[in-house]
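Student: After the structure tokens below, expect a handful of questions from me.
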Protein chains: 2
Amino acid sequence: MLSPELAARLGELSDLTATAGLLGWDQQTNMPPAGGQARGEVMATLATLAHERQTAPELGALLDAAQGDGEVERAIVRVARRDREKARRVPAELAAEIERAASDAQEPWAHARATSDWEHFCPYLKRNVELRRAYVDCFEGAEHPYDTLLDNFEPGLTTARVREVFAPLREGLSELAAAIAAAPPAPVLPGPFPVAAQRELALEIARAFGYDDASWRMDLAVHPFALALSPQDIRVTTRYHENDLQGLFAVMHEVGHGLYEHQVDPALARTTLGTGVSLGIHESQSRLWENLVGRSEPFWRHWGPRLRAAFPAGTAGLSDHDLLRAINGVVPGCIRVDADEVTYGLHVILRFELEVAMIEGTLPAADVPAAWNAGMRELLGVEVPDDARGALQDIHWSWGELGYFPTYAIGNVAAAQLWAALQRDVGGLDDQIAAGQYGAIREWLREHVHRHGRVVEPTELLERATGGGLDPAPLLAELNAKYRALYGI
Amino acid sequence: MLSPELAARLGELSDLTATAGLLGWDQQTNMPPAGGQARGEVMATLATLAHERQTAPELGALLDAAQGDGEVERAIVRVARRDREKARRVPAELAAEIERAASDAQEPWAHARATSDWEHFCPYLKRNVELRRAYVDCFEGAEHPYDTLLDNFEPGLTTARVREVFAPLREGLSELAAAIAAAPPAPVLPGPFPVAAQRELALEIARAFGYDDASWRMDLAVHPFALALSPQDIRVTTRYHENDLQGLFAVMHEVGHGLYEHQVDPALARTTLGTGVSLGIHESQSRLWENLVGRSEPFWRHWGPRLRAAFPAGTAGLSDHDLLRAINGVVPGCIRVDADEVTYGLHVILRFELEVAMIEGTLPAADVPAAWNAGMRELLGVEVPDDARGALQDIHWSWGELGYFPTYAIGNVAAAQLWAALQRDVGGLDDQIAAGQYGAIREWLREHVHRHGRVVEPTELLERATGGGLDPAPLLAELNAKYRALYGI
């Protein structure tokens with residue numbers, strides 16, 4: 001048993017995290033636009049308080065005195081010590097400066113993207129990278145400076161390991177994309193898809209996946225995201241466009257994130273371990289539901305008629321096979337968030353390579369666009385027309401977040417590994433999906449992934465669930481099988 | 001100038017208040033029902049942190065050292081000292097116990113009201129009253145124990161003064177209500193009023209009053225309320241019923257609260273003084289817009305045609321005069337929140353008298369329903385059919401909030417005083433209202449009430465704005481003139 005004092009301190013940290021989450025969710029879904037300045041101050045105050053509590057000597061003493069007598073309790077103490085140590089290592093002034101620089105960069109980045117003006121953003125990126133390097137310097141013992149950043153999103157993952165995984169992934173995805181590019185293109189969904197009907201269908205699918213009105217809600221946001229304020233208060237967001245079904249797939253994606261948080265063991269509530277273990281494992285959940293379930297043939301065998309009924313004009317003239325091909329069209333493009341399942345990973349690999357070079361100090365901010373455009377040509381065969389559709393497209397670097405992007409591809413890799421294990425452990429998955437039944441999938445994920453929260457480290461979690469470490473082979477096998485069939489290659 | 005350290009500490013307290021506000025707003029507008037338990041813990045943590053910061057020795061030292069050199073700065077220090085002293089006087093255990101007892105009483109109160117079972121709620125009220133008496137004992141020097149509670153909502157107001165104001169109010173309202181009861185009844189609005197059209201009309205009126213999309217939002221909530229997260233982030237809520245227009249008037253009411261917060265001097269942001277000065281003055285703003293503007297003849301001269309266009313069936317067959325009479329119908333009833341302008345104050349006076357007796361220890365919780373029913377008979381001539389429609393109807397006592405109710409009537413009294421001053425200072429009010437123009441009213445209120453925030457104490461504020469102290473005469477004059485004309489008495 002944790003001492004009541006330690007449990008109370010961890011509960012407080014957990015509550016502060018939830019509060020910060022609500023402040024952010026509200027800002028993106030509800031806040032009147034003029035409320036932004038005051039909101040920034042409130043969020044800064046909450047961050048300061050959380051940092052203060054995280055680094056308080058009292059917490060240190062309680063953690064030092066804690067005796068772990070069980071896997072969960074040992075994990076609570078281990079993770080709390082690690083969280084605390086990370087907070088303590090970074091001087092308050094540097095932490096504040098990182099926050100401020102990120103905040104200062106938001107408007108310039110938005111303006112630079114709107115005007116495709118790299119020079120306008122360049123000094124802010126330079127500053128953000130400098131500050132991340134200073135951050136890295138607060139920690140010792142990492143083999144590579146980028147390891148320290150990666151570890152904040154994917155505990156235990158190293159740059160070397162990412163390179164080992166990304167090398168065959170890059171080769172496999174490029175090969176497959178090239179083969180697809182040489183084949184006749186897939187048909188395009190004609191549309192339109194009126195938004196009200198999309199929203200209704202999205203909610204139906206979400207409910208079938210596990211969304212319920214007692215514990216979930218769904219809102220609109222410019223950039224879809226999911227947030228758990230507690231396992232019983234899960235909030236997903238999306239945005240719909242009349243000319244495509246991205247909003248629908250965003251819902252499946254975010255419900256995947258939400259189910260992870262919803263199915264964490266309730267006993268972990270307010271321990272700081274009652275949440276997803278890493279961004280990569282989180283992304284594996286969203287991608288599993290979005291891609292491996294939601295873009296599969298049996299899924300559309302079930303939902304196709306419903307889609308046709310909702311959008312008779314938008315689906316007119318397509319056979320079931322062509323509908324499936326249209327939903328799974330592969331077209332190399334400039335924009336990551338619009339990318340298909342096959343090319344998506346290549347966008348991520350490019351960003352990873354550039355980030356590593358920036359942190360190593362071999363790629364100055366001014367040279368990023370040229371490196372970006374060369375990488376896009378090499379990886380995707382795409383010419384970038386301007387920086388707005390190139391190195392300025394993503395918000396992450398304006399936040400100073402380096403080390404985040406790789407987790408998107410790690411998520412796809414892990415999703416395919418978990419899917420293979422699921423197919424091994426649970427029979428007749430295709431039939432269940434074709435029947436609109438997801439209970440067995442949900443239960444397997446609960447048992448092997450969700451319920452553990454942060455108790456089991458990501459590598460160990462994957463090992464226990466799939467029998468192996470991070471491995472791109474199942475993803476490449478899955479994509480090759482699926483797309484070679486769909487494209488007849 | 002405040003020292004930067006003091007300004008930062010006060011800013012932090014102000015941010016924590018805003019955060020608690022958002023947690024509460026979200027709970028009442030957005031939170032999935034199953035999220036309640038976790039939300040309770042988060043709110044308790046925030047309350048503990050705020051109490052800790054409020055009572056921190058560092059804040060005390062900064063306040064001791066503060067030199068006030070200007071009205072605003074002196075007020076900041078004075079009010080901050082008072083807020084801090086109030087927090088310090090109450091032992092943390094008692095404060096926590098008060099919170100816990102209030103929380104524990106919610107479900108039993110709801111159940112008791114649903115089943116009209118006073119005995120089920122009685123022990124919780126008893127406990128809440130005991131705790132409030134213990135709270136009162138933490139303070140010295142009050143003439144009457146109830147003064148200490150009043151002061152938390154209406155700084156400087158005393159039980160003796162409330163009695164002085166309520167005695168003639170009680171007499172005047174009773175007389176007027178009796179005269180109206182003897183006259184032929186007003187017509188009733190036939191309805192229905194489809195909710196979508198109500199919502200549209202409410203937003204139009206709100207915008208005419210001063211609501212704008214940059215800084216405001218409007219949501220649904222079971223109990224209408226307003227919240228300011230900052231002067232640029234104002235949130236009003238309402239609920240609509242198809243058979244009446246209460247939701248429309250609730251919007252005018254809540255926009256009145258919102259305008260107060262929206263027009264506080266921006267220089268007071270994050271000083272803890274950038275908000276309304278008391279509940280009574282706040283209520284004067286909501287009542288002014290709801291009743292003195294929104295239920296007036298010139299208001300409906302302007303909006304009547306719009307109402308008829310929105311609800312042709314709901315307003316069918318009523319002349320303009322009958323429409324106005326229907327909107328201003330006076331019917332003594334059991335339920336405070338359904339009460340009209342004339343009888344409303346009597347509901348409040350009853351609650352005040354019972355609360356004072358409870359705090360004095362002369363009215364045990366078990367005897368409240370009998371006293372309530374006798375009071376309703378005496379004050380309103382109404383027979384209470386059951387406790388659900390009697391002493392169990394309001395949530396306030398389940399929260400343990402004693403001293404809150406009187407501010408509702410104080411608000412009506414102050415609204416009429418401010419209205420008389422407005423008529424004196426600004427010419428042609430009726431013509432402006434009949435033209436749908438509210439700018440001059442809004443500006444007068446900004447200048448004389450809103451911009452001051454908590455800088456000027458309520459009594460002084462009223463004195464400066466109206467030339468006198470709290471006085472029920474203008475309200476009684478206003479109601480008598482209006483209702484004797486409407487009822488032809």
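Simple scheme: letters A, B, ... for chains in structure tokens order, numbers from 1 for residues in each chain, numbers from 1 for ligands in the order shown.
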Could you list, as a compact mmCIF listing (two decimals) with C-alpha atoms, in the first residue's frame, the residues of chain A having an atom within 9 Å of chain B when counting only C-alpha atoms?
Tutor:
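Result file is out-v5.txt:
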```
# COMPACT_ATOMS: atom_id res chain seq x y z
CA GLY A 11 -3.56 12.44 -6.75
CA GLU A 12 -2.92 16.15 -6.70
CA SER A 14 -3.00 13.80 -11.49
CA ASP A 15 -5.73 16.38 -10.82
CA LEU A 16 -3.50 19.19 -12.06
CA ALA A 18 -6.61 16.79 -15.75
CA THR A 19 -7.17 20.50 -15.11
CA LEU A 22 -9.61 20.71 -19.58
CA LEU A 23 -8.14 24.19 -20.08
CA ASP A 26 -11.92 24.15 -23.77
CA ASN A 30 -15.41 26.31 -26.74
CA MET A 31 -13.42 29.37 -25.75
CA PRO A 32 -14.48 32.65 -27.36
CA PRO A 33 -11.56 33.84 -29.50
CA ALA A 34 -10.86 36.93 -27.39
CA GLY A 35 -10.38 34.72 -24.32
CA GLY A 36 -6.97 33.52 -25.48
CA GLN A 37 -4.74 35.95 -23.63
CA ALA A 38 -6.26 35.29 -20.21
CA ARG A 39 -6.26 31.57 -20.95
CA GLU A 41 -1.93 33.16 -18.18
CA VAL A 42 -4.14 30.61 -16.46
CA MET A 43 -2.39 27.75 -18.21
CA THR A 45 -0.05 29.39 -13.63
CA LEU A 46 -1.26 25.81 -13.63
CA LEU A 49 1.96 24.98 -9.78
CA ASP A 213 -23.11 8.81 -23.78
CA ALA A 214 -22.48 8.35 -20.06
CA SER A 215 -18.71 8.71 -20.30
CA TRP A 216 -17.89 10.29 -23.65
CA ARG A 217 -18.59 13.37 -25.68
CA LEU A 229 -10.20 13.86 -17.99
CA SER A 230 -10.77 10.52 -16.32
CA PRO A 231 -11.61 7.03 -17.61
CA GLN A 232 -15.25 8.11 -17.31
CA ASP A 233 -14.84 11.47 -19.06
CA ILE A 234 -13.48 10.92 -22.54
CA ARG A 235 -13.67 13.66 -25.12
CA ALA A 269 -7.07 6.50 -10.98
CA ARG A 270 -5.18 9.47 -9.50
```
Student: Show me, as a PDB file with N, CA and C atoms, in the first residue's frame, the residues that have an atom within 7 Å of Pro332 of chain B when counting only C-alpha atoms, minus same-chain residues fewer than 6 positions from it.
Tutor:
```pdb
ATOM      1  N   THR B 343     -43.981  38.934  -6.487  1.00  0.00           N
ATOM      2  CA  THR B 343     -43.962  37.977  -5.375  1.00  0.00           C
ATOM      3  C   THR B 343     -42.571  37.420  -5.089  1.00  0.00           C
ATOM      4  N   LEU B 380     -47.586  34.824   1.205  1.00  0.00           N
ATOM      5  CA  LEU B 380     -48.065  34.727  -0.181  1.00  0.00           C
ATOM      6  C   LEU B 380     -49.481  34.174  -0.291  1.00  0.00           C
ATOM      7  N   VAL B 382     -50.310  31.159   0.065  1.00  0.00           N
ATOM      8  CA  VAL B 382     -50.197  29.944  -0.735  1.00  0.00           C
ATOM      9  C   VAL B 382     -50.123  28.730   0.192  1.00  0.00           C
TER      10      VAL B 382
END
```
Student: Residues near Gly280 of chain B, anyone? I mean within 6 Å using only C-alpha atoms, not counting same-chain ones fewer than 5 positions away, as a VMD selection string.
Tutor: chain B and resid 407 410 to 411
Student: Enumerate as a VMD selection string all residues of segment 311-362 of chain B assigned to helix (DSSP H, G or I) by DSSP on the backbone, naming them with the chain letters and numbers the document uses.
Tutor: chain B and resid 320 to 327 336 to 338 344 to 360
Student: For segment 306-309 of chain B, work out the shell of residues within 12 Å, counting only C-alpha atoms and skipping chain neighbours fewer than 2 positions away, then give it as a compact mmCIF listing (two decimals) with C-alpha atoms, in the first residue's frame.
Tutor:
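Contents of result_23.txt, as written:
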```txt
# COMPACT_ATOMS: atom_id res chain seq x y z
CA LEU B 189 -49.43 33.39 -23.18
CA PRO B 190 -50.95 30.51 -25.12
CA GLY B 191 -47.73 29.04 -26.52
CA PRO B 192 -46.17 26.82 -27.75
CA PHE B 193 -42.78 28.44 -28.30
CA PRO B 194 -40.60 26.05 -30.30
CA ALA B 197 -36.93 29.86 -32.47
CA GLN B 198 -36.55 30.84 -28.81
CA ARG B 199 -32.84 30.24 -29.05
CA GLU B 200 -32.57 32.43 -32.13
CA LEU B 201 -34.58 35.25 -30.58
CA ALA B 202 -32.64 35.03 -27.32
CA GLU B 204 -30.70 38.43 -31.08
CA ILE B 205 -31.72 40.12 -27.85
CA LEU B 245 -40.61 32.10 -22.29
CA LEU B 248 -35.66 33.98 -22.94
CA PHE B 299 -39.02 46.89 -24.83
CA TRP B 300 -42.00 44.92 -26.13
CA ARG B 301 -43.01 47.78 -28.42
CA HIS B 302 -39.73 46.98 -30.16
CA TRP B 303 -39.49 43.19 -29.78
CA GLY B 304 -43.21 42.36 -29.81
CA PHE B 311 -44.30 32.39 -32.56
CA PRO B 312 -47.44 33.17 -34.56
CA ALA B 313 -49.38 30.39 -32.83
CA GLY B 314 -47.91 31.06 -29.40
CA THR B 315 -49.02 34.70 -29.41
CA ALA B 316 -52.21 34.34 -31.40
CA GLY B 317 -55.19 36.52 -30.48
CA LEU B 318 -53.39 38.75 -27.96
CA SER B 319 -53.39 42.54 -28.37
CA ASP B 320 -50.09 44.30 -27.68
CA LEU B 323 -49.13 40.49 -24.58
CA LEU B 324 -47.43 42.86 -22.16
CA ILE B 327 -45.51 38.65 -19.91
CA GLY B 436 -33.89 48.70 -29.49
```
Student: Among segment 30-231 of chain B, which residues carry a DSSP assignment of strand (DSSP E), reported as a list of chain:residue names?
Tutor: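 Strand (DSSP E) assignments inside segment 30-231 of chain B correspond to B:Trp216, B:Arg217, B:Met218, B:Asp219, B:Leu220, B:Ala226, B:Leu227, B:Ala228, B:Leu229, B:Ser230.
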Student: Those selected residues, please, written with C-alpha atoms and delivered as a compact mmCIF listing (two decimals), in the first residue's frame.
Tutor:
```txt
# COMPACT_ATOMS: atom_id res chain seq x y z
CA TRP B 216 -19.10 35.47 -25.24
CA ARG B 217 -20.75 32.12 -25.64
CA MET B 218 -24.16 30.72 -24.79
CA ASP B 219 -24.90 27.14 -23.74
CA LEU B 220 -27.63 25.04 -22.24
CA ALA B 226 -23.28 33.13 -16.00
CA LEU B 227 -19.53 32.83 -15.62
CA ALA B 228 -16.67 35.11 -16.53
CA LEU B 229 -13.32 33.42 -17.08
CA SER B 230 -12.01 36.85 -18.01
```
Student: I'd like the neighbourhood of Val264 of chain A as a ChimeraX atom specification, where a residue qualifies if any of its atoms comes within 9 Å (using only C-alpha atoms), though same-chain residues fewer than 4 positions away should be ignored.
Tutor: /A:231,259-260,268-269,274-276,446,449-453
